[in-house]
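Only one structure is covered here, and it is reproduced in the block below.
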Amino acid sequence: MADKKRINLALQGGGAHGAFTWGVLDVLLRDPDIEIAGMSGTSAGALNGAAVKSGLLSGGAEGALANLDALWRRMGAIGDIRLVNWMTNFGPGAANVARALEYSLQYSVAETMARIVSPYAYGPLYSNPLRSVVDAFDYDEVCAEQGPRLFICATNVRTGKARVFTGDSITTNAVLASACLPTMFQAVEITDPDTGETDAYWDGGYTGNPALFPLYDKGLPDDVVIININPLERSDKPVTPQQIQSRINEISFNAALLGELRSVSFVQRLIASGAIREGEMKNVKVHMISDDALMNDLSVATKAMPTPYILAELKEAGKAAATAFLDAHKDDLGKRGSVDLQAMFA
């Protein structure tokens with residue numbers, strides 16, 4: 001029996017679009033040749049990572065698949081995470097549903113309220129609608145030393161720096177912090193057990209979407225498979241307010257990732273030129289699973305409004321993208337990267 005192909009997963013955040021990652025994980029977990037050694041996740045990626053980690057420990061691949069299904073059933077049940085409980089559940093195609101959501105009165109009102117009303121204005125009525133979803137994880141399993149290593153990124157509001165939670169530091173609040181968009185949720189406060197200082201945290205996407213550097217540990221494999229749910233490129237110039245807002249969102253939440261990939265590209269050039277010897281620095285083999293065509297049809301509205309129809313479409317797209325990736329690049333795993341970073345940053 002051939003050795004398994006050990007990989008790290010970098011799980012992007014992007015609200016309800018994280019259901020695309022659900023589909024990708026569904027395929028990877030069913031492949032007997034793939035072993036997930038490490039995961040770094042932000043926002044929805046953090047939720048997906050926690051579901052996979054705890055599921056693998058409790059019931060192997062089937063346990064992870066069941067956890068993911070349960071997670072996204074709960075996500076589909078909370079309605080609009082802006083507290084607007086309106087759902088479009090018909091099937092004219094994801095792009096048409098996205099347009100309907102963008103131009104709906106309910107979404108327009110919610111978007112306007114998010115810009116002029118602070119989450120703190122709700123006072124004692126405020127509650128984070130994701131808390132019940134995140135509380136459902138078994139944190140003994142999420143934090144366990146066994147199984148794939150899990151890293152979750154959030155942004156320290158005071159310092160503006162990324163904080164990576166792993167092991168026992170992963171809690172309900174750490175996962176909520178990773179998914180805390182400041183126009184929608186109150187900052188999540190977390191006390192550092194070593195210093196006793198309490199800091200407020202916002203979404204990890206501002207500083208690492210996801211953070212790649214935890215995956216450079218020598219004990220982890222060189223292959224990093226990025227599951228990208230924020231399109232890197234859009235061919236058409238955004239002109240409507242909705243298109244402009246969506247593109248601003250995508251650029252903002254890809255900036256940290258592109259910065260890290262540029263650093264990986266630089267190290268690769270140094271190793272290739274002999275400026276540093278192989279083994280002195282991690283020679284990361286980068287892969288990417290994405291469906292930019294679908295994501296270009298969606299928008300910031302579909303990120304915020306997890307309708308069951310969109311979640312189902314995203315899962316199926318993720319399964320198709322993962323299958324295509326394995327067909328094209330499974331043999332590359334452990335040998336070479338399948339993303340040409342030198343061309344990306346030429």
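Please note that chains go A, B, ... in the order of the structure tokens, that every chain numbers its residues from 1, and that ligands are numbered from 1 in the order shown.
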
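The strand (DSSP E or B) portion of region 109-210 of chain A consists of Arg149, Leu150, Phe151, Ile152, Cys153, Ala154, Thr155, Asn156, Ala162, Arg163, Val164, Phe165, Thr166, Val188, Glu189, Ile190, Thr191, Thr198, Asp199, Ala200, Tyr201, Trp202 and Asp203 of chain A, with states taken from DSSP on the backbone.
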
- Which of region 284-313 of chain A counts as helix (DSSP H, G or I) under DSSP, as a ChimeraX atom specification please? /A:292-297,300-304,308-313

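Of the residues under consideration (A:Asn283, A:Ser127, A:Ser132, A:Ser290), A:Ser290 shows the shortest atom-to-atom contact distance to Thr21 (chain A) when counting only C-alpha atoms.
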
- Query: Do you know which residues are at most 10 Å from Leu220 (chain A) counting only C-alpha atoms, after dropping those on the same chain fewer than 2 positions away, and could you put them as a list of chain:residue names?
  - Reply: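 In the requested form, the answer reads A:Arg6, A:Ile7, A:Asn8, A:Ile36, A:Ala37, A:Gly38, A:Pro148, A:Arg149, A:Pro214, A:Leu215, A:Tyr216, A:Asp217, A:Lys218, A:Asp222, A:Asp223, A:Val224.
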
Once you have the residues from the selection above, write them out as a PDB file, in the first residue's frame, restricted to C-alpha atoms.
ATOM      1  CA  ARG A   6       0.083  14.249   3.798  1.00  0.00           C
ATOM      2  CA  ILE A   7      -1.139  17.788   3.253  1.00  0.00           C
ATOM      3  CA  ASN A   8      -1.915  20.967   5.142  1.00  0.00           C
ATOM      4  CA  ILE A  36      -4.802  15.981   6.596  1.00  0.00           C
ATOM      5  CA  ALA A  37      -1.830  16.819   8.830  1.00  0.00           C
ATOM      6  CA  GLY A  38      -2.556  20.461   9.658  1.00  0.00           C
ATOM      7  CA  PRO A 148      -4.403  17.172  12.575  1.00  0.00           C
ATOM      8  CA  ARG A 149      -2.980  20.312  14.125  1.00  0.00           C
ATOM      9  CA  PRO A 214       1.717  28.265  11.340  1.00  0.00           C
ATOM     10  CA  LEU A 215       1.822  25.580   8.649  1.00  0.00           C
ATOM     11  CA  TYR A 216       5.558  26.099   8.078  1.00  0.00           C
ATOM     12  CA  ASP A 217       6.380  24.060  11.195  1.00  0.00           C
ATOM     13  CA  LYS A 218       9.045  21.420  10.495  1.00  0.00           C
ATOM     14  CA  ASP A 222       5.521  20.956   2.739  1.00  0.00           C
ATOM     15  CA  ASP A 223       2.262  20.875   0.768  1.00  0.00           C
ATOM     16  CA  VAL A 224      -0.254  23.623   1.566  1.00  0.00           C
TER      17      VAL A 224
END

- Have a look at CA of Val133 (chain A) and CA of Ala70 (chain A) and let me know their distance in Å, one decimal. 9.5 Å

- Item | Near-region 182-195 of chain A list (8 Å; only C-alpha atoms; drop same-chain fewer than 4 positions) as a PyMOL selection string | chain A and resi 82+114-115+118-120+128+173-174+176-177+199-203

I need the chosen residues saved as a PDB file, in the first residue's frame, with N, CA and C atoms.
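And here is the file that came out, out.pdb:
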ATOM      1  N   ARG A  82     -27.299  39.105   9.770  1.00  0.00           N
ATOM      2  CA  ARG A  82     -27.460  40.508  10.145  1.00  0.00           C
ATOM      3  C   ARG A  82     -28.764  40.704  10.929  1.00  0.00           C
ATOM      4  N   ALA A 114     -26.165  48.355   9.142  1.00  0.00           N
ATOM      5  CA  ALA A 114     -24.821  47.946   9.547  1.00  0.00           C
ATOM      6  C   ALA A 114     -23.832  49.098   9.427  1.00  0.00           C
ATOM      7  N   ARG A 115     -24.122  50.059   8.545  1.00  0.00           N
ATOM      8  CA  ARG A 115     -23.208  51.180   8.325  1.00  0.00           C
ATOM      9  C   ARG A 115     -23.471  52.353   9.265  1.00  0.00           C
ATOM     10  N   SER A 118     -24.117  50.952  15.307  1.00  0.00           N
ATOM     11  CA  SER A 118     -23.081  50.099  15.886  1.00  0.00           C
ATOM     12  C   SER A 118     -23.694  48.834  16.475  1.00  0.00           C
ATOM     13  N   PRO A 119     -22.981  47.707  16.421  1.00  0.00           N
ATOM     14  CA  PRO A 119     -23.472  46.500  17.101  1.00  0.00           C
ATOM     15  C   PRO A 119     -23.672  46.711  18.597  1.00  0.00           C
ATOM     16  N   TYR A 120     -23.017  47.732  19.142  1.00  0.00           N
ATOM     17  CA  TYR A 120     -23.136  48.006  20.581  1.00  0.00           C
ATOM     18  C   TYR A 120     -24.435  48.741  20.909  1.00  0.00           C
ATOM     19  N   ASN A 128     -24.747  37.137  19.802  1.00  0.00           N
ATOM     20  CA  ASN A 128     -24.075  36.713  18.585  1.00  0.00           C
ATOM     21  C   ASN A 128     -24.782  35.464  18.052  1.00  0.00           C
ATOM     22  N   ASN A 173     -14.984  31.380  22.247  1.00  0.00           N
ATOM     23  CA  ASN A 173     -14.694  32.788  21.976  1.00  0.00           C
ATOM     24  C   ASN A 173     -13.617  32.960  20.926  1.00  0.00           C
ATOM     25  N   ALA A 174     -12.623  32.071  20.886  1.00  0.00           N
ATOM     26  CA  ALA A 174     -11.572  32.175  19.873  1.00  0.00           C
ATOM     27  C   ALA A 174     -12.151  31.981  18.477  1.00  0.00           C
ATOM     28  N   LEU A 176     -15.360  32.445  17.636  1.00  0.00           N
ATOM     29  CA  LEU A 176     -16.219  33.608  17.370  1.00  0.00           C
ATOM     30  C   LEU A 176     -15.391  34.838  17.008  1.00  0.00           C
ATOM     31  N   ALA A 177     -14.247  34.996  17.659  1.00  0.00           N
ATOM     32  CA  ALA A 177     -13.366  36.134  17.349  1.00  0.00           C
ATOM     33  C   ALA A 177     -12.884  36.051  15.905  1.00  0.00           C
ATOM     34  N   ASP A 199      -7.970  41.364  25.737  1.00  0.00           N
ATOM     35  CA  ASP A 199      -7.986  42.133  24.497  1.00  0.00           C
ATOM     36  C   ASP A 199      -9.236  41.818  23.704  1.00  0.00           C
ATOM     37  N   ALA A 200      -9.634  42.768  22.891  1.00  0.00           N
ATOM     38  CA  ALA A 200     -10.769  42.593  21.991  1.00  0.00           C
ATOM     39  C   ALA A 200     -10.264  42.110  20.637  1.00  0.00           C
ATOM     40  N   TYR A 201     -11.051  41.252  20.000  1.00  0.00           N
ATOM     41  CA  TYR A 201     -10.643  40.671  18.723  1.00  0.00           C
ATOM     42  C   TYR A 201     -11.731  40.811  17.679  1.00  0.00           C
ATOM     43  N   TRP A 202     -11.264  41.033  16.436  1.00  0.00           N
ATOM     44  CA  TRP A 202     -12.126  41.075  15.261  1.00  0.00           C
ATOM     45  C   TRP A 202     -11.752  39.937  14.319  1.00  0.00           C
ATOM     46  N   ASP A 203     -12.438  39.890  13.205  1.00  0.00           N
ATOM     47  CA  ASP A 203     -12.257  38.838  12.197  1.00  0.00           C
ATOM     48  C   ASP A 203     -10.786  38.658  11.816  1.00  0.00           C
TER      49      ASP A 203
END

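If only C-alpha atoms are the atoms counted, then among A:Lys5, A:Tyr206, A:Asp297, A:Ile289 the closest residue to Thr323 (chain A) is A:Ile289.
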
- Item | Contact residues around Ile229 (chain A) with only C-alpha atoms at 8 Å, ignoring same-chain residues under 5 positions, as number ranges by chain | A: 12-14, 17-18, 20-21, 290-292, 295

Save out the residues we just selected, N, CA and C atoms, as a PDB file, in the first residue's frame.
ATOM      1  N   GLN A  12      -9.911  29.419   3.895  1.00  0.00           N
ATOM      2  CA  GLN A  12     -10.280  30.832   3.883  1.00  0.00           C
ATOM      3  C   GLN A  12     -11.623  31.077   4.559  1.00  0.00           C
ATOM      4  N   GLY A  13     -11.789  32.305   5.019  1.00  0.00           N
ATOM      5  CA  GLY A  13     -13.072  32.771   5.515  1.00  0.00           C
ATOM      6  C   GLY A  13     -13.813  33.517   4.433  1.00  0.00           C
ATOM      7  N   GLY A  14     -15.128  33.556   4.575  1.00  0.00           N
ATOM      8  CA  GLY A  14     -15.951  34.268   3.610  1.00  0.00           C
ATOM      9  C   GLY A  14     -17.424  34.042   3.882  1.00  0.00           C
ATOM     10  N   HIS A  17     -20.086  31.567   2.145  1.00  0.00           N
ATOM     11  CA  HIS A  17     -19.335  30.957   1.050  1.00  0.00           C
ATOM     12  C   HIS A  17     -18.412  29.853   1.553  1.00  0.00           C
ATOM     13  N   GLY A  18     -18.244  29.751   2.870  1.00  0.00           N
ATOM     14  CA  GLY A  18     -17.491  28.644   3.442  1.00  0.00           C
ATOM     15  C   GLY A  18     -18.124  27.300   3.149  1.00  0.00           C
ATOM     16  N   PHE A  20     -18.590  26.248   0.269  1.00  0.00           N
ATOM     17  CA  PHE A  20     -17.747  25.725  -0.820  1.00  0.00           C
ATOM     18  C   PHE A  20     -16.656  24.833  -0.233  1.00  0.00           C
ATOM     19  N   THR A  21     -16.045  25.283   0.855  1.00  0.00           N
ATOM     20  CA  THR A  21     -15.018  24.501   1.533  1.00  0.00           C
ATOM     21  C   THR A  21     -15.597  23.200   2.078  1.00  0.00           C
ATOM     22  N   SER A 290     -10.281  26.255  -6.074  1.00  0.00           N
ATOM     23  CA  SER A 290     -11.178  27.418  -6.124  1.00  0.00           C
ATOM     24  C   SER A 290     -12.152  27.261  -7.283  1.00  0.00           C
ATOM     25  N   ASP A 291     -13.134  28.142  -7.317  1.00  0.00           N
ATOM     26  CA  ASP A 291     -14.071  28.239  -8.440  1.00  0.00           C
ATOM     27  C   ASP A 291     -14.390  29.718  -8.608  1.00  0.00           C
ATOM     28  N   ASP A 292     -13.462  30.439  -9.218  1.00  0.00           N
ATOM     29  CA  ASP A 292     -13.630  31.884  -9.351  1.00  0.00           C
ATOM     30  C   ASP A 292     -14.842  32.245 -10.203  1.00  0.00           C
ATOM     31  N   MET A 295     -17.738  32.203  -7.806  1.00  0.00           N
ATOM     32  CA  MET A 295     -17.623  33.271  -6.821  1.00  0.00           C
ATOM     33  C   MET A 295     -17.816  34.644  -7.458  1.00  0.00           C
TER      34      MET A 295
END

- Hey, what's within 9 Å of Ser265 (chain A) if we count only C-alpha atoms and toss same-chain stuff fewer than 6 positions away? As a VMD selection string, please? chain A and resid 284 340 to 342 345

Create the file for the chosen residues now, containing all heavy atoms and written as a tab-separated table (two decimals), in the first residue's frame.
chain	number	residue	atom	x	y	z
A	284	VAL	N	7.79	25.64	0.63
A	284	VAL	CA	6.37	25.34	0.61
A	284	VAL	C	5.89	25.03	-0.81
A	284	VAL	O	6.20	25.77	-1.76
A	284	VAL	CB	5.56	26.52	1.19
A	284	VAL	CG1	4.08	26.22	1.18
A	284	VAL	CG2	6.04	26.84	2.60
A	340	ASP	N	1.82	28.41	-9.83
A	340	ASP	CA	3.04	29.08	-10.28
A	340	ASP	C	3.12	30.46	-9.63
A	340	ASP	O	2.59	31.43	-10.17
A	340	ASP	CB	3.04	29.18	-11.79
A	340	ASP	CG	4.37	29.70	-12.36
A	340	ASP	OD1	5.19	30.21	-11.57
A	340	ASP	OD2	4.56	29.60	-13.59
A	341	LEU	N	3.75	30.52	-8.47
A	341	LEU	CA	3.83	31.80	-7.76
A	341	LEU	C	4.70	32.81	-8.49
A	341	LEU	O	4.47	34.02	-8.40
A	341	LEU	CB	4.37	31.57	-6.33
A	341	LEU	CG	3.49	30.73	-5.41
A	341	LEU	CD1	4.14	30.60	-4.05
A	341	LEU	CD2	2.10	31.31	-5.28
A	342	GLN	N	5.71	32.32	-9.19
A	342	GLN	CA	6.57	33.26	-9.92
A	342	GLN	C	5.76	34.00	-10.99
A	342	GLN	O	5.93	35.21	-11.17
A	342	GLN	CB	7.75	32.51	-10.56
A	342	GLN	CG	8.51	31.58	-9.62
A	342	GLN	CD	8.95	32.26	-8.34
A	342	GLN	OE1	9.44	33.37	-8.35
A	342	GLN	NE2	8.76	31.58	-7.21
A	345	PHE	N	3.27	36.64	-9.38
A	345	PHE	CA	3.83	37.91	-8.92
A	345	PHE	C	4.83	38.51	-9.90
A	345	PHE	O	5.59	39.39	-9.53
A	345	PHE	CB	4.49	37.70	-7.55
A	345	PHE	CG	3.51	37.32	-6.48
A	345	PHE	CD1	3.52	36.04	-5.93
A	345	PHE	CD2	2.56	38.21	-6.02
A	345	PHE	CE1	2.62	35.67	-4.95
A	345	PHE	CE2	1.64	37.85	-5.05
A	345	PHE	CZ	1.68	36.58	-4.51

- Interatomic distance, CA of Arg262 (chain A) to CA of Ala346 (chain A) (Å, one decimal):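 That distance, rounded to one decimal, is 10.3 Å.
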
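Our summary of the geometry notes that CA of Ile152 (chain A) is positioned 15.2 Å from CA of Gly15 (chain A).
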
- Within 10 Å of region 62-69 of chain A, counting only C-alpha atoms, which residues qualify if same-chain residues fewer than 6 places away don't, as a VMD selection string? chain A and resid 19 21 to 23 25 to 27 29 to 30 47 to 56 75 136 to 137

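The shortest atom-to-atom distance to Arg247 (chain A), with only C-alpha atoms taken into account, belongs to A:Pro231 out of A:Gly274, A:Pro124, A:Gly259, A:Pro231.
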
- Query: Which of these, A:Ser263, A:Tyr126, A:Thr207, A:Thr42, has the shortest distance to Asn228 (chain A) once you count only C-alpha atoms?
  - Reply: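 Among A:Ser263, A:Tyr126, A:Thr207, A:Thr42, it is A:Thr42 that comes nearest to Asn228 (chain A).
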
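Among the candidates A:Met305, A:Cys180, A:Ala317, A:Ala16, the residue lying nearest to Arg131 (chain A) is A:Cys180 (atoms considered: only C-alpha atoms).
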